[in-house]
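Asks: The structure that follows is given in the form of structure tokens.
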Amino acid sequence: MATYLITGIAGFIGSALARAVLAQGDQVRGVDNLSTGKRDNLAEILHRIDFRQTDLLSLDAVRSACQGTDYVLHQAAIPSVPRSVADPLTSNSANLDATVNVLVAARDAKVKRVVYAASSSAYGETPTLPKHEAMPPDPISPYAVAKLASEYYMVSFYRCYRLETVCLRYFNIFGPRQDPTSPYSGVLAKFITQMLKGEHPTIFGDGRQSRDFTYVDNAVAANLLACKAPAADVAGRVFNVATGVRTDLNETFRILKKLIGYTGDVKYEAERAGDVKHSLADLSRAQKHLGYEPKVDFEEGLRRTVEWYKSGSVGRTSDFGSTISDAVVESKHEFKV
Ligand code: UD2
């Protein structure tokens, strides 16, 4: 039985990873400072994991968390491009300084492998589509810079210390438990919950910007594959994790309207600073070396996500992280089987 340390375990990706690792019969230790994550996201598994409410900026705490672990899945971050534009210092400490602490601690604890939640924002406005990993990055926002610098640290720790590291460039991951309540929340969590409440969502820009929106189960699968793939194929390397299909925001709004039965309109406001226009992944490297294939496509992912928020909003009005809906999602979870 292996032990996995998941940083950012109370986030929607971290908590999905925890469920998947438990489902494969391994042990989970998790750290989170609960700055953006929620304890509720772990409600029904809290008794099965070693959860530590702590901050990755404390090197001692990270060292202690790494002791005796085989794999580290480093998901902790303060996401959001506009939040980093508003507050680059906090973005830098949470997204870069914390990563260096994780690497130092993992190296010294002789962890087998560290898998890192990197970001598609590293590509920036490079005109080529789809984006492939050999393209020179061109980050725009402070968030993208911190995520890319963390990737470079991951690669450096493999080159200098032979700590096996794998970077997964996530392309706009979405799904159940994603926090919809912050002005900086991901667009799909915001749109779905706003439309379910009969409010009008806002599109920043003309709505023609496109994203390779990726359902969370695909990211979970990529992490588990990244732990097991031969080091010769993956260590010190970067891989796109996406679906390989892009959809613009106007079309996304139309799909959601149908799924939800929403009859209202969308508002348009000025484009956000730091925003990327188009994003689409080339998946060939991940397919070849990780054996990764996207299992859940965009529309199916949207259906599952809408269902989750619907049942969450029935269970609670103030908080979408309902344990009633957890049971519903668990029964559908691919990695339960
Ligand atoms: C970036 C990364 C993504 C992940 C994420 C973490 C890219 C292409 N993607 O996501 O991989 O790392 O950062 O935060 O860089 N929008 C609206 N209305 C809203 C909210 C957002 O129109 O109410 C627009 C926003 O201007 C953008 C798109 O929706 O054009 C997606 O925004 P997002 O914040 O969900 O994610 P994004 O693309 O910044």
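Identifiers in the structure tokens: chain A, B, ... in order shown; residue index from 1 per chain; ligand index from 1 in order shown.
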Tell me, as number ranges by chain, which residues lie within 9 Å of Phe191 (chain A), counting only C-alpha atoms; anything in the same chain fewer than 6 positions away does not count.
Replies: A: 180, 199-202, 253, 256
Asks: Got a sec to check which residues lie within 6 Å of ligand 1, using only C-alpha atoms and all ligand atoms, and send them as a ChimeraX atom specification?
Replies: /A:79-81,119-121,170-172,186-187,202-204,209,272,275-276,279
Asks: May I have the selected residues written with N, CA, C and O atoms, as a short mmCIF file (atom, residue, chain, number, x, y, z; two decimals), in the first residue's frame?
Replies:
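out.cif was written with the following content:
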data_model
loop_
_atom_site.label_atom_id
_atom_site.label_comp_id
_atom_site.auth_asym_id
_atom_site.auth_seq_id
_atom_site.Cartn_x
_atom_site.Cartn_y
_atom_site.Cartn_z
N PRO A 79 -5.59 30.02 -7.21
CA PRO A 79 -5.81 30.15 -8.65
C PRO A 79 -6.33 31.54 -9.02
O PRO A 79 -6.45 32.39 -8.14
N SER A 80 -6.59 31.71 -10.26
CA SER A 80 -7.22 32.90 -10.84
C SER A 80 -6.21 33.90 -11.39
O SER A 80 -5.38 34.46 -10.66
N VAL A 81 -6.36 34.11 -12.69
CA VAL A 81 -5.56 35.12 -13.38
C VAL A 81 -5.84 36.52 -12.82
O VAL A 81 -4.91 37.23 -12.41
N SER A 119 -0.17 24.77 -15.22
CA SER A 119 -1.32 25.44 -15.84
C SER A 119 -1.10 25.74 -17.31
O SER A 119 -0.01 26.19 -17.72
N SER A 120 -2.18 25.60 -18.08
CA SER A 120 -2.15 25.94 -19.51
C SER A 120 -1.89 27.43 -19.73
O SER A 120 -1.56 27.84 -20.84
N SER A 121 -2.04 28.22 -18.67
CA SER A 121 -1.78 29.66 -18.82
C SER A 121 -0.33 29.93 -19.20
O SER A 121 -0.01 31.01 -19.70
N TYR A 170 -2.67 21.61 -16.59
CA TYR A 170 -4.14 21.52 -16.59
C TYR A 170 -4.72 22.60 -17.50
O TYR A 170 -4.36 23.76 -17.41
N PHE A 171 -5.72 22.18 -18.30
CA PHE A 171 -6.47 23.12 -19.14
C PHE A 171 -7.87 23.31 -18.53
O PHE A 171 -8.73 22.46 -18.67
N ASN A 172 -8.06 24.41 -17.85
CA ASN A 172 -9.38 24.81 -17.31
C ASN A 172 -10.19 23.63 -16.77
O ASN A 172 -11.21 23.23 -17.34
N GLY A 186 -13.81 29.99 -11.15
CA GLY A 186 -13.79 29.57 -12.55
C GLY A 186 -15.13 29.85 -13.21
O GLY A 186 -16.19 29.80 -12.57
N VAL A 187 -15.07 30.13 -14.50
CA VAL A 187 -16.26 30.61 -15.21
C VAL A 187 -17.42 29.60 -15.17
O VAL A 187 -18.58 29.99 -15.04
N THR A 202 -22.10 37.03 -16.50
CA THR A 202 -21.40 38.07 -17.26
C THR A 202 -20.28 37.45 -18.07
O THR A 202 -19.48 36.68 -17.54
N ILE A 203 -20.25 37.80 -19.35
CA ILE A 203 -19.11 37.39 -20.19
C ILE A 203 -18.17 38.59 -20.29
O ILE A 203 -18.61 39.70 -20.64
N PHE A 204 -16.90 38.38 -19.95
CA PHE A 204 -15.90 39.45 -20.09
C PHE A 204 -15.32 39.38 -21.50
O PHE A 204 -14.69 38.39 -21.87
N GLN A 209 -13.73 34.16 -26.91
CA GLN A 209 -12.56 33.47 -26.36
C GLN A 209 -12.93 32.02 -26.11
O GLN A 209 -14.07 31.72 -25.72
N ARG A 272 -11.03 40.97 -19.45
CA ARG A 272 -10.20 41.07 -18.25
C ARG A 272 -8.72 41.20 -18.61
O ARG A 272 -8.27 40.55 -19.55
N ASP A 275 -6.08 38.13 -19.63
CA ASP A 275 -6.83 37.02 -20.22
C ASP A 275 -6.16 36.52 -21.50
O ASP A 275 -5.62 37.30 -22.28
N VAL A 276 -6.25 35.21 -21.70
CA VAL A 276 -5.77 34.59 -22.93
C VAL A 276 -6.97 34.45 -23.86
O VAL A 276 -8.09 34.21 -23.41
N SER A 279 -7.42 28.74 -26.16
CA SER A 279 -6.62 27.70 -25.50
C SER A 279 -7.12 26.33 -25.96
O SER A 279 -8.32 26.05 -25.88
#
Asks: Going by DSSP on the backbone, which bits of region 64-265 of chain A are alpha helix (DSSP H)? Write them as a VMD selection string, please.
Replies: chain A and resid 64 to 66 81 to 86 88 to 92 98 to 108 142 to 161 187 to 196 216 to 228 231 to 234 249 to 260
Asks: Just checking: using only C-alpha atoms, which residue out of A:Thr214, A:Thr90, A:Thr69, A:Ser141 ends up closest to Gly274 (chain A)?
Replies: A:Ser141
Asks: Fewer than 3 positions away in the same chain doesn't count, so skip those; otherwise give me all residues within 9 Å of Thr36 (chain A), counting only C-alpha atoms, as a short mmCIF file (atom, residue, chain, number, x, y, z; two decimals) with N, CA, C and O atoms, in the first residue's frame.
Replies:
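In the end it all went to out24.cif:
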data_model
loop_
_atom_site.label_atom_id
_atom_site.label_comp_id
_atom_site.auth_asym_id
_atom_site.auth_seq_id
_atom_site.Cartn_x
_atom_site.Cartn_y
_atom_site.Cartn_z
N GLY A 8 -3.31 20.90 -0.98
CA GLY A 8 -4.55 21.49 -1.49
C GLY A 8 -5.66 20.46 -1.52
O GLY A 8 -6.54 20.48 -2.38
N ALA A 10 -8.28 20.04 0.17
CA ALA A 10 -9.67 20.47 0.39
C ALA A 10 -10.23 21.23 -0.80
O ALA A 10 -11.37 21.71 -0.76
N GLY A 11 -9.46 21.35 -1.87
CA GLY A 11 -9.97 21.97 -3.08
C GLY A 11 -10.76 20.95 -3.89
O GLY A 11 -10.81 19.77 -3.54
N ASP A 32 -3.87 21.37 3.79
CA ASP A 32 -4.61 22.49 3.21
C ASP A 32 -4.68 23.58 4.27
O ASP A 32 -4.88 23.27 5.44
N ASN A 33 -4.51 24.83 3.85
CA ASN A 33 -4.67 25.90 4.84
C ASN A 33 -6.10 26.46 4.83
O ASN A 33 -6.40 27.41 5.53
N ALA A 77 -2.74 25.81 -4.51
CA ALA A 77 -2.45 27.03 -5.26
C ALA A 77 -3.49 28.07 -4.90
O ALA A 77 -4.55 27.74 -4.36
N ILE A 78 -3.18 29.33 -5.20
CA ILE A 78 -4.24 30.33 -5.21
C ILE A 78 -4.50 30.60 -6.68
O ILE A 78 -3.69 31.24 -7.35
N PRO A 79 -5.59 30.02 -7.21
CA PRO A 79 -5.81 30.15 -8.65
C PRO A 79 -6.33 31.54 -9.02
O PRO A 79 -6.45 32.39 -8.14
N ASP A 179 -15.49 25.87 -6.19
CA ASP A 179 -16.11 26.97 -5.44
C ASP A 179 -16.69 28.01 -6.41
O ASP A 179 -15.95 28.60 -7.19
#
Asks: Point out the residue among A:Gly124, A:Gly207, A:Gly236, A:Gly175 with the least atom-to-atom distance to Cys160 (chain A), counting only C-alpha atoms.
Replies: A:Gly236
Asks: Between CA of Thr193 (chain A) and CA of Ala242 (chain A), what distance in Å does the model show, to one decimal?
Replies: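 The value is 23.3 Å.
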Asks: Near Arg107 (chain A), counting only C-alpha atoms, which residues have an atom at most 9 Å away, once you skip same-chain residues fewer than 3 positions from it, shown as a list in words?
Replies: Val102, Leu103, Val104, Lys110, Val111, Lys112, Phe157, Tyr161, Arg162 and Leu163 of chain A
Asks: For the residues in the current selection, export C-alpha atoms as a compact mmCIF listing (two decimals), in the first residue's frame.
Replies:
# COMPACT_ATOMS: atom_id res chain seq x y z
CA VAL A 102 7.36 21.10 -1.27
CA LEU A 103 10.30 20.19 -3.49
CA VAL A 104 12.94 20.65 -0.80
CA LYS A 110 13.23 10.69 -0.43
CA VAL A 111 9.74 10.74 -1.91
CA LYS A 112 9.47 8.57 -5.03
CA PHE A 157 14.92 19.20 -9.01
CA TYR A 161 18.83 15.96 -7.41
CA ARG A 162 17.19 13.17 -9.43
CA LEU A 163 13.91 13.73 -7.57
Asks: If we count only C-alpha atoms and set the cut-off at 6 Å, which residues sit around Thr7 (chain A), ignoring sequence neighbours fewer than 4 positions away in its own chain? Please answer as a short mmCIF file (atom, residue, chain, number, x, y, z; two decimals) with N, CA and C atoms, in the first residue's frame.
Replies:
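Output saved as part-v4.cif:
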data_model
loop_
_atom_site.label_atom_id
_atom_site.label_comp_id
_atom_site.auth_asym_id
_atom_site.auth_seq_id
_atom_site.Cartn_x
_atom_site.Cartn_y
_atom_site.Cartn_z
N GLY A 30 -3.20 14.59 3.70
CA GLY A 30 -3.51 15.81 2.96
C GLY A 30 -3.21 17.05 3.77
N VAL A 31 -2.72 18.08 3.08
CA VAL A 31 -2.56 19.37 3.75
C VAL A 31 -3.35 20.43 3.01
N HIS A 74 0.96 17.67 -5.87
CA HIS A 74 0.99 19.07 -5.41
C HIS A 74 -0.06 19.91 -6.16
N GLN A 75 -1.21 20.04 -5.48
CA GLN A 75 -2.34 20.76 -6.11
C GLN A 75 -2.55 22.14 -5.50
N ALA A 76 -1.97 22.38 -4.32
CA ALA A 76 -2.27 23.63 -3.61
C ALA A 76 -1.86 24.84 -4.44
#
Asks: List every residue of region 142-335 of chain A that DSSP, applied to the backbone of this structure, assigns to strand (DSSP E or B), and report them as a ChimeraX atom specification.
Replies: /A:164-170,173-174,202-204,210-211,214-215,237-241,247-248,267-269,278,281
Asks: What's the separation between CA of Arg304 (chain A) and CA of Ala226 (chain A), in Å to one decimal place?
Replies: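 Going from CA of Arg304 (chain A) over to CA of Ala226 (chain A), I get 25.0 Å.
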Asks: If we count only C-alpha atoms, what is near Asp206 (chain A) at a cut-off of 10 Å, once residues fewer than 4 positions away on the same chain are taken out, given as a list in words?
Replies: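 What passes the distance filter is Asp248, Leu249, Asn250, Tyr268, Glu269, Ala270 and Glu271 of chain A.
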Asks: Dump all heavy atoms for the selected residues as a compact mmCIF listing (two decimals), in the first residue's frame?
Replies:
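Dumped to part_36.txt:
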# COMPACT_ATOMS: atom_id res chain seq x y z
N ASP A 248 -16.11 28.11 -27.34
CA ASP A 248 -16.06 29.51 -26.91
C ASP A 248 -17.15 29.79 -25.87
O ASP A 248 -18.03 28.96 -25.63
CB ASP A 248 -16.05 30.47 -28.11
CG ASP A 248 -17.42 30.67 -28.76
OD1 ASP A 248 -18.45 30.42 -28.10
OD2 ASP A 248 -17.45 31.08 -29.94
N LEU A 249 -17.05 30.95 -25.23
CA LEU A 249 -17.95 31.22 -24.10
C LEU A 249 -19.39 31.43 -24.55
O LEU A 249 -20.32 31.06 -23.83
CB LEU A 249 -17.46 32.46 -23.33
CG LEU A 249 -16.32 32.23 -22.35
CD1 LEU A 249 -16.16 33.43 -21.44
CD2 LEU A 249 -16.53 30.99 -21.50
N ASN A 250 -19.60 32.00 -25.74
CA ASN A 250 -20.97 32.16 -26.22
C ASN A 250 -21.63 30.79 -26.40
O ASN A 250 -22.77 30.57 -26.01
CB ASN A 250 -20.99 32.93 -27.55
CG ASN A 250 -20.57 34.39 -27.36
OD1 ASN A 250 -20.91 35.01 -26.35
ND2 ASN A 250 -19.80 34.92 -28.30
N TYR A 268 -22.62 41.43 -21.11
CA TYR A 268 -21.23 41.53 -21.60
C TYR A 268 -20.54 42.70 -20.92
O TYR A 268 -21.13 43.78 -20.79
CB TYR A 268 -21.22 41.73 -23.12
CG TYR A 268 -21.60 40.47 -23.87
CD1 TYR A 268 -22.93 40.17 -24.14
CD2 TYR A 268 -20.61 39.57 -24.29
CE1 TYR A 268 -23.28 39.00 -24.81
CE2 TYR A 268 -20.96 38.40 -24.96
CZ TYR A 268 -22.30 38.12 -25.20
OH TYR A 268 -22.64 36.97 -25.87
N GLU A 269 -19.31 42.46 -20.46
CA GLU A 269 -18.50 43.55 -19.89
C GLU A 269 -17.12 43.52 -20.51
O GLU A 269 -16.79 42.59 -21.25
CB GLU A 269 -18.39 43.38 -18.36
CG GLU A 269 -19.66 43.82 -17.65
CD GLU A 269 -19.57 43.75 -16.13
OE1 GLU A 269 -18.43 43.64 -15.59
OE2 GLU A 269 -20.63 43.78 -15.49
N ALA A 270 -16.29 44.51 -20.15
CA ALA A 270 -14.95 44.62 -20.76
C ALA A 270 -14.11 43.37 -20.48
O ALA A 270 -14.24 42.74 -19.42
CB ALA A 270 -14.24 45.84 -20.19
N GLU A 271 -13.27 43.05 -21.45
CA GLU A 271 -12.33 41.92 -21.32
C GLU A 271 -11.45 42.10 -20.08
O GLU A 271 -11.14 43.23 -19.70
CB GLU A 271 -11.46 41.95 -22.58
CG GLU A 271 -10.66 40.73 -22.83
CD GLU A 271 -9.87 40.88 -24.14
OE1 GLU A 271 -10.46 41.30 -25.17
OE2 GLU A 271 -8.67 40.61 -24.10
Asks: Counting only C-alpha atoms, what is within 9 Å of Tyr116 (chain A), bar same-chain residues fewer than 2 positions away, as a ChimeraX atom specification?
Replies: /A:72-75,99,114,118,150-151,154,165-169,223
Asks: Filtering to all heavy atoms, could you give me those residues as a tab-separated table (two decimals), in the first residue's frame?
Replies:
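Saved file result.tsv follows:
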chain	number	residue	atom	x	y	z
A	72	VAL	N	3.83	12.60	-3.97
A	72	VAL	CA	3.24	13.88	-3.61
A	72	VAL	C	2.48	14.40	-4.83
A	72	VAL	O	3.04	14.49	-5.93
A	72	VAL	CB	4.32	14.91	-3.20
A	72	VAL	CG1	3.67	16.28	-2.93
A	72	VAL	CG2	5.08	14.44	-1.96
A	73	LEU	N	1.20	14.70	-4.63
A	73	LEU	CA	0.39	15.33	-5.69
A	73	LEU	C	0.20	16.78	-5.27
A	73	LEU	O	-0.61	17.08	-4.38
A	73	LEU	CB	-0.96	14.61	-5.84
A	73	LEU	CG	-0.88	13.08	-6.00
A	73	LEU	CD1	-2.28	12.47	-6.10
A	73	LEU	CD2	-0.04	12.70	-7.21
A	74	HIS	N	0.96	17.67	-5.87
A	74	HIS	CA	0.99	19.07	-5.41
A	74	HIS	C	-0.06	19.91	-6.16
A	74	HIS	O	0.19	20.39	-7.27
A	74	HIS	CB	2.41	19.62	-5.61
A	74	HIS	CG	2.57	21.04	-5.19
A	74	HIS	ND1	1.91	21.60	-4.11
A	74	HIS	CD2	3.31	22.06	-5.72
A	74	HIS	CE1	2.24	22.88	-3.99
A	74	HIS	NE2	3.09	23.17	-4.96
A	75	GLN	N	-1.21	20.04	-5.48
A	75	GLN	CA	-2.34	20.76	-6.11
A	75	GLN	C	-2.55	22.14	-5.50
A	75	GLN	O	-3.26	22.96	-6.07
A	75	GLN	CB	-3.64	19.97	-5.88
A	75	GLN	CG	-3.56	18.51	-6.25
A	75	GLN	CD	-3.28	18.30	-7.71
A	75	GLN	OE1	-3.97	18.86	-8.57
A	75	GLN	NE2	-2.25	17.52	-8.03
A	99	THR	N	5.78	25.94	-3.62
A	99	THR	CA	6.26	24.83	-4.46
A	99	THR	C	7.71	24.48	-4.13
A	99	THR	O	8.08	23.30	-4.05
A	99	THR	CB	6.14	25.20	-5.96
A	99	THR	OG1	4.77	25.45	-6.25
A	99	THR	CG2	6.66	24.09	-6.85
A	114	VAL	N	7.04	13.41	-7.43
A	114	VAL	CA	6.16	14.56	-7.19
A	114	VAL	C	5.43	14.89	-8.50
A	114	VAL	O	6.08	15.05	-9.54
A	114	VAL	CB	6.97	15.81	-6.74
A	114	VAL	CG1	6.03	17.01	-6.53
A	114	VAL	CG2	7.75	15.53	-5.46
A	118	ALA	N	0.39	21.97	-12.93
A	118	ALA	CA	0.82	23.15	-13.70
A	118	ALA	C	-0.39	23.70	-14.47
A	118	ALA	O	-1.49	23.16	-14.36
A	118	ALA	CB	1.94	22.75	-14.64
A	150	SER	N	7.26	27.49	-11.27
A	150	SER	CA	7.17	26.25	-10.48
A	150	SER	C	7.50	25.03	-11.34
A	150	SER	O	8.15	24.09	-10.87
A	150	SER	CB	5.77	26.09	-9.88
A	150	SER	OG	5.61	26.95	-8.79
A	151	GLU	N	7.03	25.05	-12.57
A	151	GLU	CA	7.38	23.95	-13.50
A	151	GLU	C	8.89	23.85	-13.65
A	151	GLU	O	9.48	22.77	-13.62
A	151	GLU	CB	6.84	24.24	-14.90
A	151	GLU	CG	5.45	23.82	-15.16
A	151	GLU	CD	5.11	24.01	-16.64
A	151	GLU	OE1	6.02	24.05	-17.50
A	151	GLU	OE2	3.91	24.11	-16.93
A	154	MET	N	10.38	22.23	-10.81
A	154	MET	CA	10.14	20.77	-10.85
A	154	MET	C	11.22	20.10	-11.72
A	154	MET	O	11.83	19.10	-11.34
A	154	MET	CB	8.76	20.46	-11.45
A	154	MET	CG	7.61	20.83	-10.57
A	154	MET	SD	7.35	19.62	-9.26
A	154	MET	CE	6.53	20.65	-8.03
A	165	THR	N	10.02	14.18	-10.94
A	165	THR	CA	8.92	15.15	-10.95
A	165	THR	C	8.21	15.08	-12.30
A	165	THR	O	8.84	14.84	-13.34
A	165	THR	CB	9.43	16.59	-10.75
A	165	THR	OG1	10.38	16.89	-11.78
A	165	THR	CG2	10.08	16.78	-9.39
A	166	VAL	N	6.90	15.28	-12.28
A	166	VAL	CA	6.11	15.30	-13.51
A	166	VAL	C	5.17	16.50	-13.43
A	166	VAL	O	4.46	16.68	-12.43
A	166	VAL	CB	5.25	14.02	-13.66
A	166	VAL	CG1	4.52	14.01	-15.00
A	166	VAL	CG2	6.09	12.75	-13.51
A	167	CYS	N	5.16	17.33	-14.48
A	167	CYS	CA	4.28	18.50	-14.50
A	167	CYS	C	3.09	18.23	-15.42
A	167	CYS	O	3.29	17.85	-16.59
A	167	CYS	CB	5.01	19.73	-15.03
A	167	CYS	SG	6.37	20.23	-13.96
A	168	LEU	N	1.90	18.42	-14.89
A	168	LEU	CA	0.68	18.25	-15.69
A	168	LEU	C	0.10	19.64	-15.94
A	168	LEU	O	-0.36	20.29	-14.99
A	168	LEU	CB	-0.32	17.37	-14.94
A	168	LEU	CG	0.17	15.98	-14.56
A	168	LEU	CD1	-0.91	15.22	-13.78
A	168	LEU	CD2	0.59	15.18	-15.80
A	169	ARG	N	0.12	20.07	-17.19
A	169	ARG	CA	-0.46	21.39	-17.49
A	169	ARG	C	-1.97	21.24	-17.64
A	169	ARG	O	-2.47	20.81	-18.67
A	169	ARG	CB	0.14	21.95	-18.78
A	169	ARG	CG	1.42	22.69	-18.56
A	169	ARG	CD	1.88	23.44	-19.79
A	169	ARG	NE	3.24	23.92	-19.53
A	169	ARG	CZ	4.09	24.29	-20.46
A	169	ARG	NH1	3.75	24.24	-21.73
A	169	ARG	NH2	5.30	24.69	-20.13
A	223	ASN	N	-3.17	12.24	-13.06
A	223	ASN	CA	-2.28	12.19	-11.89
A	223	ASN	C	-1.89	10.76	-11.53
A	223	ASN	O	-0.73	10.47	-11.23
A	223	ASN	CB	-2.95	12.85	-10.68
A	223	ASN	CG	-2.76	14.34	-10.64
A	223	ASN	OD1	-1.77	14.82	-10.10
A	223	ASN	ND2	-3.68	15.08	-11.24
Asks: What is the distance between CA of Leu34 (chain A) and CA of Tyr158 (chain A), in Å to one decimal?
Replies: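 The value is 29.6 Å.
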Asks: I need the residue nearest Arg52 (chain A) from this list: A:Ile140, A:Ile6, A:Met195, A:Ala20. Use only C-alpha atoms for the distance.
Replies: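 Closest to Arg52 (chain A), using only C-alpha atoms: A:Ile6.
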